[in-house]
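What's in protein24.pdb: PDB, C-alpha atoms, pLDDT in the B column
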```pdb
MODEL        1
ATOM      1  CA  MET D   1     -43.162 -45.247 -75.364  1.00 61.00           C
ATOM      2  CA  ARG D   2     -43.365 -41.455 -75.312  1.00 63.00           C
ATOM      3  CA  GLU D   3     -46.446 -41.416 -77.544  1.00 67.00           C
ATOM      4  CA  ARG D   4     -48.177 -43.853 -75.243  1.00 65.00           C
ATOM      5  CA  PHE D   5     -47.374 -41.658 -72.231  1.00 65.00           C
ATOM      6  CA  LYS D   6     -48.723 -38.603 -74.082  1.00 66.00           C
ATOM      7  CA  ASN D   7     -51.992 -40.447 -74.835  1.00 71.00           C
ATOM      8  CA  VAL D   8     -52.378 -41.510 -71.201  1.00 72.00           C
ATOM      9  CA  LYS D   9     -51.602 -37.993 -70.045  1.00 72.00           C
ATOM     10  CA  LYS D  10     -54.124 -36.528 -72.511  1.00 73.00           C
ATOM     11  CA  ASN D  11     -56.851 -38.991 -71.462  1.00 77.00           C
ATOM     12  CA  LEU D  12     -56.163 -38.448 -67.761  1.00 78.00           C
ATOM     13  CA  LEU D  13     -56.311 -34.685 -68.205  1.00 78.00           C
ATOM     14  CA  SER D  14     -59.661 -34.986 -70.013  1.00 81.00           C
ATOM     15  CA  ILE D  15     -61.064 -37.222 -67.272  1.00 83.00           C
ATOM     16  CA  MET D  16     -59.911 -34.872 -64.486  1.00 81.00           C
ATOM     17  CA  LEU D  17     -61.311 -31.839 -66.277  1.00 80.00           C
ATOM     18  CA  GLY D  18     -64.645 -33.543 -66.844  1.00 80.00           C
ATOM     19  CA  ALA D  19     -64.843 -34.712 -63.253  1.00 81.00           C
ATOM     20  CA  SER D  20     -64.100 -31.232 -61.927  1.00 79.00           C
ATOM     21  CA  VAL D  21     -66.795 -29.702 -64.156  1.00 78.00           C
ATOM     22  CA  ILE D  22     -69.347 -32.252 -62.958  1.00 78.00           C
ATOM     23  CA  ILE D  23     -68.429 -31.728 -59.312  1.00 77.00           C
ATOM     24  CA  THR D  24     -68.706 -27.959 -59.524  1.00 75.00           C
ATOM     25  CA  THR D  25     -71.947 -27.842 -61.508  1.00 78.00           C
ATOM     26  CA  VAL D  26     -73.962 -30.535 -59.761  1.00 76.00           C
ATOM     27  CA  SER D  27     -75.471 -29.271 -56.557  1.00 68.00           C
ATOM     28  CA  THR D  28     -77.171 -31.410 -53.988  1.00 68.00           C
ATOM     29  CA  GLU D  29     -79.788 -30.344 -51.497  1.00 68.00           C
ATOM     30  CA  VAL D  30     -78.823 -30.857 -47.890  1.00 67.00           C
ATOM     31  CA  LEU D  31     -81.540 -31.286 -45.314  1.00 66.00           C
ATOM     32  CA  ALA D  32     -80.230 -30.403 -41.890  1.00 63.00           C
ATOM     33  CA  ALA D  33     -81.900 -30.317 -38.531  1.00 62.00           C
ATOM     34  CA  SER D  34     -82.911 -26.961 -37.188  1.00 63.00           C
ATOM     35  CA  THR D  35     -80.163 -25.074 -35.432  1.00 67.00           C
ATOM     36  CA  SER D  36     -82.075 -25.063 -32.161  1.00 74.00           C
ATOM     37  CA  ASP D  37     -81.715 -28.856 -31.953  1.00 75.00           C
ATOM     38  CA  ILE D  38     -77.992 -28.598 -32.547  1.00 77.00           C
ATOM     39  CA  THR D  39     -77.265 -25.693 -30.216  1.00 81.00           C
ATOM     40  CA  LYS D  40     -79.649 -26.679 -27.406  1.00 85.00           C
ATOM     41  CA  PRO D  41     -76.950 -28.436 -25.301  1.00 86.00           C
ATOM     42  CA  LEU D  42     -74.675 -25.401 -25.635  1.00 87.00           C
ATOM     43  CA  ASP D  43     -77.525 -23.095 -24.653  1.00 86.00           C
ATOM     44  CA  ASN D  44     -78.210 -25.256 -21.599  1.00 88.00           C
ATOM     45  CA  LEU D  45     -74.531 -25.170 -20.639  1.00 89.00           C
ATOM     46  CA  LYS D  46     -74.420 -21.394 -21.093  1.00 86.00           C
ATOM     47  CA  THR D  47     -77.499 -20.993 -18.893  1.00 85.00           C
ATOM     48  CA  LEU D  48     -75.999 -23.237 -16.218  1.00 88.00           C
ATOM     49  CA  ILE D  49     -72.693 -21.354 -16.143  1.00 88.00           C
ATOM     50  CA  ILE D  50     -74.414 -17.968 -15.977  1.00 86.00           C
ATOM     51  CA  SER D  51     -76.654 -19.208 -13.156  1.00 85.00           C
ATOM     52  CA  VAL D  52     -73.664 -20.520 -11.191  1.00 88.00           C
ATOM     53  CA  ILE D  53     -71.853 -17.197 -11.612  1.00 87.00           C
ATOM     54  CA  GLY D  54     -74.953 -15.347 -10.435  1.00 87.00           C
ATOM     55  CA  ALA D  55     -75.314 -17.598  -7.371  1.00 89.00           C
ATOM     56  CA  ILE D  56     -71.654 -17.158  -6.445  1.00 91.00           C
ATOM     57  CA  GLY D  57     -72.092 -13.401  -6.892  1.00 89.00           C
ATOM     58  CA  ILE D  58     -74.974 -13.373  -4.408  1.00 92.00           C
ATOM     59  CA  ILE D  59     -72.870 -15.305  -1.888  1.00 93.00           C
ATOM     60  CA  ILE D  60     -69.939 -12.892  -2.329  1.00 92.00           C
ATOM     61  CA  LEU D  61     -72.311  -9.944  -2.010  1.00 93.00           C
ATOM     62  CA  ALA D  62     -73.808 -11.234   1.250  1.00 94.00           C
ATOM     63  CA  LYS D  63     -70.362 -12.031   2.700  1.00 94.00           C
ATOM     64  CA  ASN D  64     -68.987  -8.582   1.885  1.00 94.00           C
ATOM     65  CA  VAL D  65     -72.045  -6.778   3.224  1.00 95.00           C
ATOM     66  CA  MET D  66     -71.460  -8.534   6.552  1.00 95.00           C
ATOM     67  CA  GLU D  67     -67.746  -7.665   6.424  1.00 93.00           C
ATOM     68  CA  PHE D  68     -68.600  -4.035   5.678  1.00 93.00           C
ATOM     69  CA  ALA D  69     -70.985  -3.913   8.632  1.00 94.00           C
ATOM     70  CA  GLN D  70     -68.312  -5.307  10.959  1.00 93.00           C
ATOM     71  CA  ALA D  71     -65.670  -2.935   9.576  1.00 93.00           C
ATOM     72  CA  TYR D  72     -68.036   0.020   9.964  1.00 91.00           C
ATOM     73  CA  GLN D  73     -68.754  -0.970  13.547  1.00 92.00           C
ATOM     74  CA  GLN D  74     -65.029  -1.184  14.317  1.00 91.00           C
ATOM     75  CA  GLN D  75     -64.223   1.968  12.296  1.00 90.00           C
ATOM     76  CA  ASP D  76     -61.629   0.071  10.213  1.00 85.00           C
ATOM     77  CA  SER D  77     -61.266   2.039   6.984  1.00 88.00           C
ATOM     78  CA  SER D  78     -59.061  -0.453   5.127  1.00 89.00           C
ATOM     79  CA  SER D  79     -61.501  -3.306   5.795  1.00 90.00           C
ATOM     80  CA  MET D  80     -64.420  -1.085   4.742  1.00 91.00           C
ATOM     81  CA  ASN D  81     -62.595  -0.288   1.516  1.00 93.00           C
ATOM     82  CA  SER D  82     -61.958  -3.966   0.837  1.00 92.00           C
ATOM     83  CA  ALA D  83     -65.551  -4.884   1.666  1.00 93.00           C
ATOM     84  CA  LEU D  84     -66.903  -2.199  -0.666  1.00 93.00           C
ATOM     85  CA  LYS D  85     -64.802  -3.616  -3.510  1.00 94.00           C
ATOM     86  CA  GLY D  86     -66.214  -7.050  -2.712  1.00 93.00           C
ATOM     87  CA  ILE D  87     -69.758  -5.660  -2.709  1.00 93.00           C
ATOM     88  CA  VAL D  88     -69.231  -4.149  -6.157  1.00 93.00           C
ATOM     89  CA  ALA D  89     -67.812  -7.442  -7.433  1.00 92.00           C
ATOM     90  CA  GLY D  90     -70.732  -9.375  -5.958  1.00 91.00           C
ATOM     91  CA  VAL D  91     -73.266  -7.040  -7.555  1.00 92.00           C
ATOM     92  CA  MET D  92     -71.516  -7.411 -10.904  1.00 89.00           C
ATOM     93  CA  MET D  93     -71.512 -11.197 -10.678  1.00 88.00           C
ATOM     94  CA  ALA D  94     -75.112 -11.355  -9.451  1.00 87.00           C
ATOM     95  CA  GLY D  95     -76.299  -9.100 -12.271  1.00 88.00           C
ATOM     96  CA  ILE D  96     -74.375 -10.805 -15.049  1.00 84.00           C
ATOM     97  CA  SER D  97     -77.405 -12.767 -16.284  1.00 76.00           C
ATOM     98  CA  THR D  98     -79.454  -9.586 -16.653  1.00 78.00           C
ATOM     99  CA  VAL D  99     -76.666  -7.827 -18.514  1.00 82.00           C
ATOM    100  CA  LEU D 100     -76.077 -10.766 -20.856  1.00 79.00           C
ATOM    101  CA  SER D 101     -79.784 -11.136 -21.622  1.00 72.00           C
ATOM    102  CA  PHE D 102     -79.930  -7.394 -22.343  1.00 79.00           C
ATOM    103  CA  LEU D 103     -77.007  -7.786 -24.773  1.00 81.00           C
ATOM    104  CA  GLY D 104     -78.706 -10.699 -26.510  1.00 74.00           C
ATOM    105  CA  PHE D 105     -76.721 -13.634 -25.257  1.00 71.00           C
TER     106      PHE D 105
ENDMDL
END
```
For this file, write the structure as C-alpha coordinates.
Amino acid sequence: MRERFKNVKKNLLSIMLGASVIITTVSTEVLAASTSDITKPLDNLKTLIISVIGAIGIIILAKNVMEFAQAYQQQDSSSMNSALKGIVAGVMMAGISTVLSFLGF
(Lines of atoms letter the chains of each structure in order from A and count residues from 1; the text may use other names and numbers.)
(Lines give C-alpha, C1' and ligand atoms only; values in the text may rest on other atoms or scores of the structure.)
Protein backbone atom coordinates (compact mmCIF):
# COMPACT_ATOMS: atom_id res chain seq x y z
CA MET A 1 0.00 0.00 0.00
CA ARG A 2 2.82 2.40 0.87
CA GLU A 3 4.65 1.69 -2.39
CA ARG A 4 1.51 2.43 -4.35
CA PHE A 5 1.08 5.74 -2.51
CA LYS A 6 4.72 6.63 -3.23
CA ASN A 7 4.20 5.94 -6.96
CA VAL A 8 1.06 8.09 -7.05
CA LYS A 9 2.84 10.84 -5.16
CA LYS A 10 5.83 10.66 -7.53
CA ASN A 11 3.60 10.76 -10.63
CA LEU A 12 1.50 13.61 -9.25
CA LEU A 13 4.61 15.61 -8.42
CA SER A 14 5.94 15.09 -11.96
CA ILE A 15 2.63 16.18 -13.48
CA MET A 16 2.42 19.31 -11.30
CA LEU A 17 6.02 20.25 -12.07
CA GLY A 18 5.48 19.80 -15.79
CA ALA A 19 2.27 21.79 -15.73
CA SER A 20 3.92 24.66 -13.86
CA VAL A 21 6.82 24.75 -16.34
CA ILE A 22 4.40 24.85 -19.28
CA ILE A 23 2.30 27.58 -17.69
CA THR A 24 5.28 29.79 -16.94
CA THR A 25 7.03 29.37 -20.29
CA VAL A 26 4.09 29.63 -22.67
CA SER A 27 3.09 33.21 -23.25
CA THR A 28 -0.01 34.31 -25.05
CA GLU A 29 -0.56 37.58 -26.85
CA VAL A 30 -3.42 39.64 -25.51
CA LEU A 31 -5.13 42.09 -27.80
CA ALA A 32 -6.87 44.76 -25.78
CA ALA A 33 -8.83 47.79 -26.81
CA SER A 34 -7.10 51.11 -26.63
CA THR A 35 -7.14 52.73 -23.22
CA SER A 36 -9.07 55.72 -24.52
CA ASP A 37 -12.08 53.47 -25.20
CA ILE A 38 -11.90 52.07 -21.69
CA THR A 39 -11.35 55.33 -19.83
CA LYS A 40 -13.67 57.52 -21.92
CA PRO A 41 -16.66 57.20 -19.52
CA LEU A 42 -14.42 58.11 -16.57
CA ASP A 43 -13.03 61.09 -18.48
CA ASN A 44 -16.58 62.24 -19.25
CA LEU A 45 -17.55 61.90 -15.59
CA LYS A 46 -14.44 63.81 -14.51
CA THR A 47 -15.25 66.60 -16.97
CA LEU A 48 -18.85 66.77 -15.75
CA ILE A 49 -17.85 66.97 -12.08
CA ILE A 50 -15.25 69.66 -12.75
CA SER A 51 -17.78 71.66 -14.78
CA VAL A 52 -20.38 71.42 -12.00
CA ILE A 53 -17.82 72.58 -9.43
CA GLY A 54 -16.88 75.50 -11.67
CA ALA A 55 -20.53 76.50 -12.15
CA ILE A 56 -21.21 76.36 -8.41
CA GLY A 57 -18.06 78.43 -7.86
CA ILE A 58 -19.36 81.14 -10.19
CA ILE A 59 -22.69 81.20 -8.34
CA ILE A 60 -20.92 81.46 -4.96
CA LEU A 61 -18.67 84.19 -6.34
CA ALA A 62 -21.61 86.26 -7.61
CA LYS A 63 -23.53 85.82 -4.34
CA ASN A 64 -20.57 86.89 -2.20
CA VAL A 65 -19.77 89.89 -4.39
CA MET A 66 -23.33 91.10 -3.80
CA GLU A 67 -23.01 90.43 -0.06
CA PHE A 68 -19.71 92.33 0.02
CA ALA A 69 -21.30 95.30 -1.75
CA GLN A 70 -24.16 95.37 0.77
CA ALA A 71 -21.77 94.99 3.71
CA TYR A 72 -19.57 97.78 2.35
CA GLN A 73 -22.58 100.03 1.96
CA GLN A 74 -23.65 99.36 5.55
CA GLN A 75 -20.06 99.54 6.87
CA ASP A 76 -20.39 96.08 8.47
CA SER A 77 -16.84 94.78 8.86
CA SER A 78 -17.72 91.24 9.97
CA SER A 79 -20.02 90.73 6.97
CA MET A 80 -17.36 92.18 4.65
CA ASN A 81 -14.84 89.73 6.09
CA SER A 82 -17.21 86.81 5.57
CA ALA A 83 -18.05 87.94 2.04
CA LEU A 84 -14.36 88.26 1.14
CA LYS A 85 -13.78 84.67 2.29
CA GLY A 86 -16.71 83.60 0.13
CA ILE A 87 -15.29 85.51 -2.85
CA VAL A 88 -11.96 83.72 -2.47
CA ALA A 89 -13.73 80.36 -2.24
CA GLY A 90 -15.82 81.15 -5.31
CA VAL A 91 -12.75 82.15 -7.31
CA MET A 92 -11.02 78.93 -6.28
CA MET A 93 -14.00 76.80 -7.29
CA ALA A 94 -14.53 78.69 -10.56
CA GLY A 95 -10.86 78.33 -11.50
CA ILE A 96 -10.52 74.67 -10.59
CA SER A 97 -10.84 73.48 -14.20
CA THR A 98 -8.00 75.75 -15.31
CA VAL A 99 -5.77 74.60 -12.48
CA LEU A 100 -6.49 70.92 -13.10
CA SER A 101 -5.86 71.24 -16.84
CA PHE A 102 -2.58 73.02 -16.05
CA LEU A 103 -1.59 70.12 -13.77
CA GLY A 104 -2.44 67.58 -16.46
CA PHE A 105 -5.67 66.13 -15.19
Output the residue selection produced by the PyMOL selection byres ((chain D and resi 62) around 12) on the file above, formatted as an MDAnalysis selection string. chainID D and resid 55:61 63:69 83:84 86:91 94
Distance of atom CA of D:Gly54 from atom CA of D:Val99, expressed in Å to one decimal place: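 Atom-to-atom, atom CA of D:Val99 to atom CA of D:Gly54, that is 11.2 Å.
Going from atom CA of D:Ile23 over to atom CA of D:Asn7, you cover 24.2 Å.
Going from atom CA of D:Met93 over to atom CA of D:Asp37, you cover 29.5 Å.
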Can you work out which one of D:Leu103, D:Gln73, D:Gly18, D:Ser97 has the shortest atom-to-atom distance to D:Ile49, counting all atoms listed in the file? D:Ser97
